[in-house]
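Asker: Submitted below is the structure of interest, expressed as structure tokens.
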Amino acid sequence: MYQNIERLNLKKIFLFWAPLAATWIMMAVEGPFLAAVIARLAEPKYNLAAYGVAFSFALILEAPVIMIMSASTALVNDFHSFLKLKKFTYALNVIISVVMFIILYPPIFYFITINLINLPQAIADLTHNALIILIPWPAAIGYRRFYQGVLIRNNLTRRVAYGTIIRLSAMTATALTLYLFFETKGVYVGAAALSIGVIMEAAASRIMAESIVKKIKSSNLPLSKLDNRLTYRCILKFYYPLALTSIIGLGVHPMVIFFVGQSRFAIESLAVLPVVNSLVFIFRSIGLSYQEVGITFLGKNNEGYIPLRNFAVLIGGILTAVLALIAFTPLAHVWFKSISGLSLELTEFAILPAMILTIMPALTIFISFQRSILVNARRTNPITTASVIEVSGILLLVALCIQYFDMIGAVSAAIALVIGRLSANIFLVYPFRKIISNR
């Protein structure tokens, strides 16, 4: 854990944060890259739609382990806490893998995708096969995020970035090999590239954490007060609100897909949403990386609050401005048509949702900072409540926009996502300020 909180400044925050931000940016780039590959293969509309649906399922399945990195950063102080949290992570990985097999059981899967989401049979078939390819995805993510948290805890954020470089290299090599040398459907290319990439990153993270693991195992330091109490019950109490937050937050994507499938221009909306979300996620991802920075630098009494707040405001403003420059200018056509490979028709569908979502990077870095304050204070319950408010708002708004105002699905989803996230930000202001006022 960082020891010189009193000398914390924007430069030190940047040097620690930059590798984490680079890691998230590199992960965010894989979405546009794979979408561009899929768009250049046969039947791009159906394959992009299936890719978007399959990726939404993959997100909800990985949700229970997505916060393991924050838990590892906050809790792993010595061998006792390391061992406890590692076993906890492995148990979660087994559970989510079993759940994935259950969902893939054809009668259950096709009931969800055809009867509930109202997907065409062709898209449902493509999605089912893609999810089979993605079976290793959730468990590999849980495994590597545990070791990434250990690296971050020990100020080795560059190694996290190196792991992501390995992931992107493996993903790119897989996608290009299938694209150039095999006649494979686009959605399968995307799924295979994602699975192989995350498996390679998980292995690399474990290898790069080896020296830290040996140091932890050989440490003779006494257990801290926290770790003396770090039973599985304590971990569950700490982690449950974080996991529930991820499940609620990431679970909204399949639910939004359900409503979008009922909208006007449903197939077009399903096709452009993964492309639009991939662009926005490049900028949002930088904000997501800020949560671990806050947890690391805040200090026991939030001594690092002022420089962390100033850095968040600066980065949030820059990210939103750059995304707006793309969405509101001719650069939008360059991105969606020339780079992403969308047809002119789908490009026109994509521009308005992208414009609506330009505020999301600022809202994301704000909520990451709010969550870091709460996690650092061991008050994770408000995070879950905020996620419930966000998801409820999203689902209510997307349903109203589609069912009662007959809006295009992609536009409805964009409006709902922005207002839902803003609602969560507003809710967290009170517990956030309460903790800061007591520092």
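Chain labels follow the order of the structure tokens: the first chain is A, the next B, and so on; residue numbering restarts at 1 in every chain, and ligands are counted from 1 in their shown order.
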Go through range 296-329 of chain A residue by residue and, counting only C-alpha atoms, keep those with an atom at most 12 Å from range 15-31 of chain A; for each kept residue give the shortest atom pair and its distance in Å to one decimal, ordered by chain and increasing number, as a tab-separated table.
Answerer:
residue	atom	partner	partner_atom	distance
A:Thr296	CA	A:Phe16	CA	9.7
A:Phe297	CA	A:Phe16	CA	9.7
A:Leu308	CA	A:Trp17	CA	10.8
A:Phe311	CA	A:Trp17	CA	10.4
A:Ala312	CA	A:Trp17	CA	11.1
A:Ile315	CA	A:Ala21	CA	11.0
Asker: Per residue of range 21-116 of chain A within 9 Å of range 360-384 of chain A, record the nearest atom pair and its distance in Å to one decimal, counting only C-alpha atoms, with rows in chain order and ascending residue number, as a Markdown table.
Answerer:
| residue | atom | partner | partner_atom | distance |
| --- | --- | --- | --- | --- |
| A:Ser70 | CA | A:Val375 | CA | 8.4 |
| A:Ala71 | CA | A:Val375 | CA | 8.8 |
| A:Ala74 | CA | A:Asn376 | CA | 7.5 |
Asker: If we count only C-alpha atoms and set the cut-off at 9 Å, which residues sit around Pro138 in chain A, ignoring sequence neighbours fewer than 5 positions away in its own chain? Please answer as an NGL selection string.
Answerer: :A and (58-59 or 61-66 or 93 or 96-97 or 100 or 143)
Asker: Would you list the contacts of range 322-338 of chain A as a list in words, taking every protein, DNA or RNA residue within 7 Å and counting only C-alpha atoms, but skipping same-chain residues closer than 4 positions in sequence?
Answerer: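 Result of the neighbour search: Ile318, Leu342, Ser343, Leu344, Thr347, Ile351, Ala354, Met355 and Thr358 of chain A.
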Asker: Please dump the current selection as a PDB file, in the first residue's frame; keep C-alpha atoms.
Answerer:
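And here's part.pdb as it stands now:
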ATOM      1  CA  ILE A 318     -10.803  15.574 -21.017  1.00  0.00           C
ATOM      2  CA  LEU A 342     -20.463  -0.424 -40.792  1.00  0.00           C
ATOM      3  CA  SER A 343     -22.599   0.226 -43.828  1.00  0.00           C
ATOM      4  CA  LEU A 344     -23.853   3.787 -44.382  1.00  0.00           C
ATOM      5  CA  THR A 347     -23.538   4.274 -39.460  1.00  0.00           C
ATOM      6  CA  ILE A 351     -24.357   8.338 -34.535  1.00  0.00           C
ATOM      7  CA  ALA A 354     -23.040   7.865 -29.591  1.00  0.00           C
ATOM      8  CA  MET A 355     -23.914  11.550 -29.134  1.00  0.00           C
ATOM      9  CA  THR A 358     -20.743  11.266 -24.635  1.00  0.00           C
TER      10      THR A 358
END
Asker: Which residues of range 47-79 of chain A have any atom within 8 Å of an atom in range 114-127 of chain A when counting only C-alpha atoms, and what is the closest pair of atoms for each, with the distance in Å to one decimal? Order the rows by chain and rising number and write it as a tab-separated table.
Answerer:
residue	atom	partner	partner_atom	distance
A:Asn47	CA	A:Ile123	CA	7.3
A:Ala49	CA	A:Ile123	CA	7.1
A:Ala50	CA	A:Thr127	CA	5.0
A:Tyr51	CA	A:Thr127	CA	6.7
A:Val53	CA	A:Thr127	CA	6.7
A:Ala54	CA	A:Thr127	CA	5.2
Asker: The selected residues should be written to file as a PDB file, in the first residue's frame (atoms: N, CA and C atoms).
Answerer:
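This is the output file result-v8.pdb:
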ATOM      1  N   ASN A  47     -24.349 -11.349 -37.623  1.00  0.00           N
ATOM      2  CA  ASN A  47     -23.226 -11.743 -36.775  1.00  0.00           C
ATOM      3  C   ASN A  47     -22.894 -10.681 -35.737  1.00  0.00           C
ATOM      4  N   ALA A  49     -25.112  -8.647 -34.440  1.00  0.00           N
ATOM      5  CA  ALA A  49     -26.199  -8.756 -33.464  1.00  0.00           C
ATOM      6  C   ALA A  49     -25.953  -9.929 -32.512  1.00  0.00           C
ATOM      7  N   ALA A  50     -25.560 -11.087 -33.068  1.00  0.00           N
ATOM      8  CA  ALA A  50     -25.290 -12.258 -32.235  1.00  0.00           C
ATOM      9  C   ALA A  50     -24.097 -12.017 -31.309  1.00  0.00           C
ATOM     10  N   TYR A  51     -23.081 -11.336 -31.810  1.00  0.00           N
ATOM     11  CA  TYR A  51     -21.921 -11.008 -30.993  1.00  0.00           C
ATOM     12  C   TYR A  51     -22.322 -10.112 -29.817  1.00  0.00           C
ATOM     13  N   VAL A  53     -25.274  -9.896 -28.376  1.00  0.00           N
ATOM     14  CA  VAL A  53     -26.066 -10.664 -27.414  1.00  0.00           C
ATOM     15  C   VAL A  53     -25.169 -11.621 -26.624  1.00  0.00           C
ATOM     16  N   ALA A  54     -24.271 -12.328 -27.313  1.00  0.00           N
ATOM     17  CA  ALA A  54     -23.370 -13.271 -26.641  1.00  0.00           C
ATOM     18  C   ALA A  54     -22.476 -12.547 -25.638  1.00  0.00           C
TER      19      ALA A  54
END
Asker: Show me a table, sorted first by chain and then by increasing residue number, of the residues of range 5-86 of chain A having an atom at most 10 Å from range 196-219 of chain A, each with its shortest atom pair and the distance in Å to one decimal, counting only C-alpha atoms and written as JSON lines.
Answerer:
{"residue": "A:Met27", "atom": "CA", "partner": "A:Val198", "partner_atom": "CA", "distance": 9.9}
{"residue": "A:Glu30", "atom": "CA", "partner": "A:Gly197", "partner_atom": "CA", "distance": 9.8}
{"residue": "A:Val76", "atom": "CA", "partner": "A:Ile216", "partner_atom": "CA", "distance": 9.3}
{"residue": "A:Asn77", "atom": "CA", "partner": "A:Ile216", "partner_atom": "CA", "distance": 8.2}
{"residue": "A:Asp78", "atom": "CA", "partner": "A:Ile216", "partner_atom": "CA", "distance": 5.5}
{"residue": "A:Phe79", "atom": "CA", "partner": "A:Ile216", "partner_atom": "CA", "distance": 5.3}
{"residue": "A:His80", "atom": "CA", "partner": "A:Lys217", "partner_atom": "CA", "distance": 8.8}
{"residue": "A:Ser81", "atom": "CA", "partner": "A:Ile216", "partner_atom": "CA", "distance": 9.8}
{"residue": "A:Phe82", "atom": "CA", "partner": "A:Ile216", "partner_atom": "CA", "distance": 7.9}
{"residue": "A:Leu83", "atom": "CA", "partner": "A:Lys217", "partner_atom": "CA", "distance": 9.4}
Asker: Can you tell me, as a ChimeraX atom specification, what residues are no more than 6 Å from range 258-271 of chain A when counting only C-alpha atoms, ignoring any on the same chain fewer than 5 positions away?
Answerer: /A:45,48-49,117,402,408-410
Asker: Write the residues of the preceding selection, restricted to C-alpha atoms, as a tab-separated table (two decimals), in the first residue's frame.
Answerer:
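Result went into part.tsv, see below:
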chain	number	residue	atom	x	y	z
A	45	LYS	CA	-25.78	-7.54	-39.50
A	48	LEU	CA	-22.80	-8.34	-35.10
A	49	ALA	CA	-26.20	-8.76	-33.46
A	117	ILE	CA	-35.74	-11.71	-25.93
A	402	ILE	CA	-39.77	1.61	-26.55
A	408	ILE	CA	-35.69	3.25	-31.93
A	409	GLY	CA	-34.10	0.68	-29.65
A	410	ALA	CA	-30.50	1.93	-29.80
Asker: Taking into account only C-alpha atoms, which residue in the set A:Met407, A:Thr320, A:Gly299, A:Phe432 is nearest to Arg7 in chain A?
Answerer: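 Smallest distance to Arg7 in chain A is found for A:Gly299.
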Asker: Show me, as a VMD selection string, the residues that have an atom within 8 Å of Val252 in chain A when counting only C-alpha atoms, minus same-chain residues fewer than 6 positions from it.
Answerer: chain A and resid 391 394 to 395
Asker: For the selection you just gave me, I'd like the residues written to a file as a short mmCIF file (atom, residue, chain, number, x, y, z; two decimals), in the first residue's frame, keeping N, CA and C atoms.
Answerer:
data_model
loop_
_atom_site.label_atom_id
_atom_site.label_comp_id
_atom_site.auth_asym_id
_atom_site.auth_seq_id
_atom_site.Cartn_x
_atom_site.Cartn_y
_atom_site.Cartn_z
N VAL A 391 -29.95 0.50 -12.26
CA VAL A 391 -30.56 -0.50 -13.14
C VAL A 391 -32.06 -0.33 -13.23
N ILE A 394 -32.70 2.47 -15.58
CA ILE A 394 -32.43 2.09 -16.96
C ILE A 394 -33.59 1.27 -17.53
N LEU A 395 -34.01 0.25 -16.79
CA LEU A 395 -35.06 -0.63 -17.30
C LEU A 395 -36.39 0.11 -17.45
#
Asker: Could you tell me how far CA of Ser340 in chain A sits from CA of Ala42 in chain A, in Å to one decimal place?
Answerer: 14.9 Å
Asker: Work out how far CA of Gly142 in chain A is from CA of His128 in chain A, in Å to one decimal.
Answerer: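 About the pair CA of His128 in chain A and CA of Gly142 in chain A: they are 22.4 Å apart.
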